[in-house]
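Participant: Next comes entry18.pdb, PDB, C-alpha atoms:
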```pdb
ATOM      1  CA  MET A   1     128.345 193.420 409.556
ATOM      2  CA  THR A   2     126.659 190.029 409.348
ATOM      3  CA  SER A   3     128.328 186.786 410.121
ATOM      4  CA  SER A   4     127.363 183.342 408.898
ATOM      5  CA  VAL A   5     127.677 180.189 410.937
ATOM      6  CA  PHE A   6     129.110 178.527 407.825
ATOM      7  CA  ALA A   7     131.588 181.279 406.958
ATOM      8  CA  HIS A   8     134.544 179.866 408.883
ATOM      9  CA  LEU A   9     134.527 176.103 408.812
ATOM     10  CA  ASP A  10     138.183 175.667 407.830
ATOM     11  CA  HIS A  11     138.971 174.408 411.338
ATOM     12  CA  VAL A  12     136.340 171.678 411.015
ATOM     13  CA  LEU A  13     137.580 170.515 407.615
ATOM     14  CA  GLY A  14     141.144 170.520 408.896
ATOM     15  CA  SER A  15     140.229 168.302 411.837
ATOM     16  CA  ARG A  16     139.173 165.327 409.707
ATOM     17  CA  ASP A  17     141.341 162.290 409.214
ATOM     18  CA  PRO A  18     144.380 163.575 407.306
ATOM     19  CA  ALA A  19     144.710 160.278 405.438
ATOM     20  CA  VAL A  20     141.572 161.138 403.461
ATOM     21  CA  ASP A  21     143.117 164.316 402.080
ATOM     22  CA  GLN A  22     146.507 162.747 401.390
ATOM     23  CA  ARG A  23     145.472 159.727 399.356
ATOM     24  CA  ARG A  24     147.588 159.281 396.273
ATOM     25  CA  ALA A  25     145.510 156.500 394.704
ATOM     26  CA  ARG A  26     141.836 155.661 394.277
ATOM     27  CA  ARG A  27     140.526 153.232 396.917
ATOM     28  CA  ASP A  28     138.394 150.290 395.896
ATOM     29  CA  LEU A  29     135.679 149.206 398.332
ATOM     30  CA  VAL A  30     136.043 145.510 399.136
ATOM     31  CA  ASP A  31     134.915 142.974 401.717
ATOM     32  CA  MET A  32     137.589 140.384 402.363
ATOM     33  CA  VAL A  33     138.604 138.421 405.420
ATOM     34  CA  SER A  34     142.361 137.913 405.626
ATOM     35  CA  HIS A  35     145.165 138.020 408.181
ATOM     36  CA  ALA A  36     148.113 140.207 409.071
ATOM     37  CA  THR A  37     151.238 139.002 410.806
ATOM     38  CA  ALA A  38     152.963 141.273 413.304
ATOM     39  CA  ARG A  39     155.495 140.414 416.009
ATOM     40  CA  GLY A  40     155.335 136.768 414.947
ATOM     41  CA  ARG A  41     151.576 136.522 415.547
ATOM     42  CA  SER A  42     148.849 136.242 412.937
ATOM     43  CA  GLN A  43     145.727 138.373 413.455
ATOM     44  CA  SER A  44     142.423 138.229 411.631
ATOM     45  CA  ILE A  45     141.521 141.335 409.599
ATOM     46  CA  ARG A  46     138.595 142.361 407.406
ATOM     47  CA  ILE A  47     139.786 144.517 404.499
ATOM     48  CA  ILE A  48     137.346 147.359 403.833
ATOM     49  CA  ASN A  49     139.141 149.288 401.096
ATOM     50  CA  ILE A  50     142.343 148.859 399.165
ATOM     51  CA  SER A  51     144.542 150.559 396.588
ATOM     52  CA  SER A  52     147.870 149.737 394.998
ATOM     53  CA  LEU A  53     149.491 151.745 397.820
ATOM     54  CA  GLY A  54     147.722 150.447 400.921
ATOM     55  CA  LEU A  55     144.522 149.381 402.616
ATOM     56  CA  MET A  56     142.148 150.027 405.481
ATOM     57  CA  CYS A  57     140.879 147.145 407.575
ATOM     58  CA  ARG A  58     139.031 146.335 410.766
ATOM     59  CA  THR A  59     140.496 144.046 413.392
ATOM     60  CA  ASP A  60     140.124 143.048 417.017
ATOM     61  CA  GLY A  61     143.886 142.463 417.102
ATOM     62  CA  ASP A  62     146.480 144.748 418.606
ATOM     63  CA  LEU A  63     148.250 146.247 415.595
ATOM     64  CA  LEU A  64     150.332 149.295 416.505
ATOM     65  CA  LYS A  65     151.029 152.477 414.575
ATOM     66  CA  GLY A  66     154.476 152.383 412.981
ATOM     67  CA  GLU A  67     154.989 148.632 413.099
ATOM     68  CA  ARG A  68     155.863 146.495 410.097
ATOM     69  CA  VAL A  69     153.327 143.815 409.175
ATOM     70  CA  SER A  70     152.810 141.222 406.511
ATOM     71  CA  VAL A  71     149.270 141.112 405.113
ATOM     72  CA  TRP A  72     147.959 138.201 403.045
ATOM     73  CA  LEU A  73     146.480 139.231 399.685
ATOM     74  CA  PRO A  74     145.506 137.120 396.661
ATOM     75  CA  ILE A  75     148.293 136.679 394.077
ATOM     76  CA  VAL A  76     150.914 138.715 396.003
ATOM     77  CA  LYS A  77     150.526 136.530 399.135
ATOM     78  CA  ASP A  78     152.312 137.955 402.204
ATOM     79  CA  TYR A  79     152.798 141.632 401.334
ATOM     80  CA  GLU A  80     154.839 143.945 403.555
ATOM     81  CA  ALA A  81     153.193 147.092 404.930
ATOM     82  CA  GLU A  82     153.561 149.664 407.692
ATOM     83  CA  ILE A  83     150.722 150.562 410.043
ATOM     84  CA  ARG A  84     150.177 154.277 409.368
ATOM     85  CA  TRP A  85     147.254 154.897 411.721
ATOM     86  CA  VAL A  86     145.002 153.115 414.205
ATOM     87  CA  GLU A  87     141.588 154.417 415.223
ATOM     88  CA  GLY A  88     139.580 152.073 417.424
ATOM     89  CA  ASN A  89     139.347 148.817 415.500
ATOM     90  CA  ARG A  90     140.176 150.473 412.140
ATOM     91  CA  VAL A  91     143.734 150.298 410.843
ATOM     92  CA  GLY A  92     145.376 151.991 407.862
ATOM     93  CA  MET A  93     148.350 150.286 406.211
ATOM     94  CA  GLU A  94     150.744 151.587 403.581
ATOM     95  CA  PHE A  95     152.545 149.028 401.438
ATOM     96  CA  TYR A  96     156.326 149.330 401.354
ATOM     97  CA  THR A  97     156.187 148.756 397.591
ATOM     98  CA  ALA A  98     153.231 149.714 395.410
ATOM     99  CA  ILE A  99     151.486 146.813 393.719
ATOM    100  CA  GLU A 100     152.023 146.997 389.954
ATOM    101  CA  PRO A 101     148.813 147.987 388.061
ATOM    102  CA  ARG A 102     148.528 144.708 386.103
ATOM    103  CA  ILE A 103     148.983 142.618 389.257
ATOM    104  CA  TYR A 104     146.681 144.906 391.281
ATOM    105  CA  ASP A 105     143.866 144.518 388.715
ATOM    106  CA  ALA A 106     144.254 140.721 388.726
ATOM    107  CA  MET A 107     144.300 140.667 392.537
ATOM    108  CA  LEU A 108     141.256 142.944 392.769
ATOM    109  CA  SER A 109     139.281 140.638 390.461
ATOM    110  CA  LEU A 110     139.634 137.931 393.158
ATOM    111  CA  ILE A 111     138.474 140.094 396.091
ATOM    112  CA  PRO A 112     134.724 140.448 396.752
ATOM    113  CA  PRO A 113     133.525 144.045 396.215
ATOM    114  CA  ARG A 114     131.767 145.897 399.025
ATOM    115  CA  ARG A 115     128.097 146.517 398.381
ATOM    116  CA  THR A 116     127.800 149.477 400.756
ATOM    117  CA  GLU A 117     130.148 151.890 402.517
ATOM    118  CA  TRP A 118     130.675 151.747 406.287
TER     119      TRP A 118
END
```
What's the structure tokens form of this structure?

Facilitator:
Amino acid sequence: MTSSVFAHLDHVLGSRDPAVDQRRARRDLVDMVSHATARGRSQSIRIINISSLGLMCRTDGDLLKGERVSVWLPIVKDYEAEIRWVEGNRVGMEFYTAIEPRIYDAMLSLIPPRRTEW
């Protein structure tokens, strides 16, 4: 009986960031400097990707998993979100309310697109 190194990689695939497998909306790659407010303090963020349901950003701030934040976005201004995960300086946020498609498209037209992936 022969065995392949690649025959049983389910454990490797299962170990990846679960947020990737659970996305409910397409993410748009962007490059936008903004800010998030948590615990009464504003922190600089760089938005890397976004959808109508949430975003991923980089920050040197101290955002914590599970906390409620307000993130500034064009058109919708201060939009409420929950920190869903934190990994190093990367942070994933889920909006409390999805951004309506018409408003999302208008907002996205004002955000610079990312030229390359991270």

Participant: Calculated over all atoms listed in the file, which of the candidates A:Arg102, A:Lys77, A:Arg46, A:Lys65 has the smallest distance to A:Val33?

Facilitator: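 Using all atoms listed in the file, A:Val33 sits closest to A:Arg46.
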
Participant: Evaluate the PyMOL selection byres ((chain A and resi 104) around 12) against this structure - the residues, as a PDB file with C-alpha atoms, in the frame of the given file, please.

Facilitator:
```
ATOM      1  CA  ARG A  27     140.526 153.232 396.917  1.00  0.00           C
ATOM      2  CA  ASP A  28     138.394 150.290 395.896  1.00  0.00           C
ATOM      3  CA  ILE A  50     142.343 148.859 399.165  1.00  0.00           C
ATOM      4  CA  SER A  51     144.542 150.559 396.588  1.00  0.00           C
ATOM      5  CA  SER A  52     147.870 149.737 394.998  1.00  0.00           C
ATOM      6  CA  LEU A  53     149.491 151.745 397.820  1.00  0.00           C
ATOM      7  CA  GLY A  54     147.722 150.447 400.921  1.00  0.00           C
ATOM      8  CA  LEU A  73     146.480 139.231 399.685  1.00  0.00           C
ATOM      9  CA  PRO A  74     145.506 137.120 396.661  1.00  0.00           C
ATOM     10  CA  ILE A  75     148.293 136.679 394.077  1.00  0.00           C
ATOM     11  CA  VAL A  76     150.914 138.715 396.003  1.00  0.00           C
ATOM     12  CA  ALA A  98     153.231 149.714 395.410  1.00  0.00           C
ATOM     13  CA  ILE A  99     151.486 146.813 393.719  1.00  0.00           C
ATOM     14  CA  GLU A 100     152.023 146.997 389.954  1.00  0.00           C
ATOM     15  CA  PRO A 101     148.813 147.987 388.061  1.00  0.00           C
ATOM     16  CA  ARG A 102     148.528 144.708 386.103  1.00  0.00           C
ATOM     17  CA  ILE A 103     148.983 142.618 389.257  1.00  0.00           C
ATOM     18  CA  ASP A 105     143.866 144.518 388.715  1.00  0.00           C
ATOM     19  CA  ALA A 106     144.254 140.721 388.726  1.00  0.00           C
ATOM     20  CA  MET A 107     144.300 140.667 392.537  1.00  0.00           C
ATOM     21  CA  LEU A 108     141.256 142.944 392.769  1.00  0.00           C
ATOM     22  CA  SER A 109     139.281 140.638 390.461  1.00  0.00           C
ATOM     23  CA  LEU A 110     139.634 137.931 393.158  1.00  0.00           C
ATOM     24  CA  ILE A 111     138.474 140.094 396.091  1.00  0.00           C
TER      25      ILE A 111
END
```

Participant: Could you check the closest approach to A:Gly88 for each of A:Leu63, A:Ile47, A:Val30, A:Ala36 and tell me which residue wins, using all atoms listed in the file?

Facilitator: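 Checking each of A:Leu63, A:Ile47, A:Val30, A:Ala36 against A:Gly88, counting all atoms listed in the file, the winner is A:Leu63.
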
Participant: So, with all atoms listed in the file as the atoms that count, which of A:Ile83, A:Leu64, A:Asn49, A:Arg114 lies closest to A:Ala25?

Facilitator: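 Closest to A:Ala25 of all the choices is A:Asn49.
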
Participant: Go ahead and compute the interatomic distance for atom CA of A:Met32 and atom CA of A:Tyr79, in Å to one decimal.

Facilitator: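 These atoms are spaced 15.3 Å apart.
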
Participant: Rounded to one decimal in Å, what is the spacing between atom CA of A:Arg115 and atom CA of A:Ala38?

Facilitator: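 Taking atom CA of A:Arg115 as the start and atom CA of A:Ala38 as the end point, the length is 29.5 Å.
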
Participant: Between A:Leu55, A:Leu29, A:Val71, A:Val86, which residue has the minimum interatomic distance to A:Ser42, considering all atoms listed in the file?

Facilitator: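 Result for the nearest residue to A:Ser42: A:Val71.
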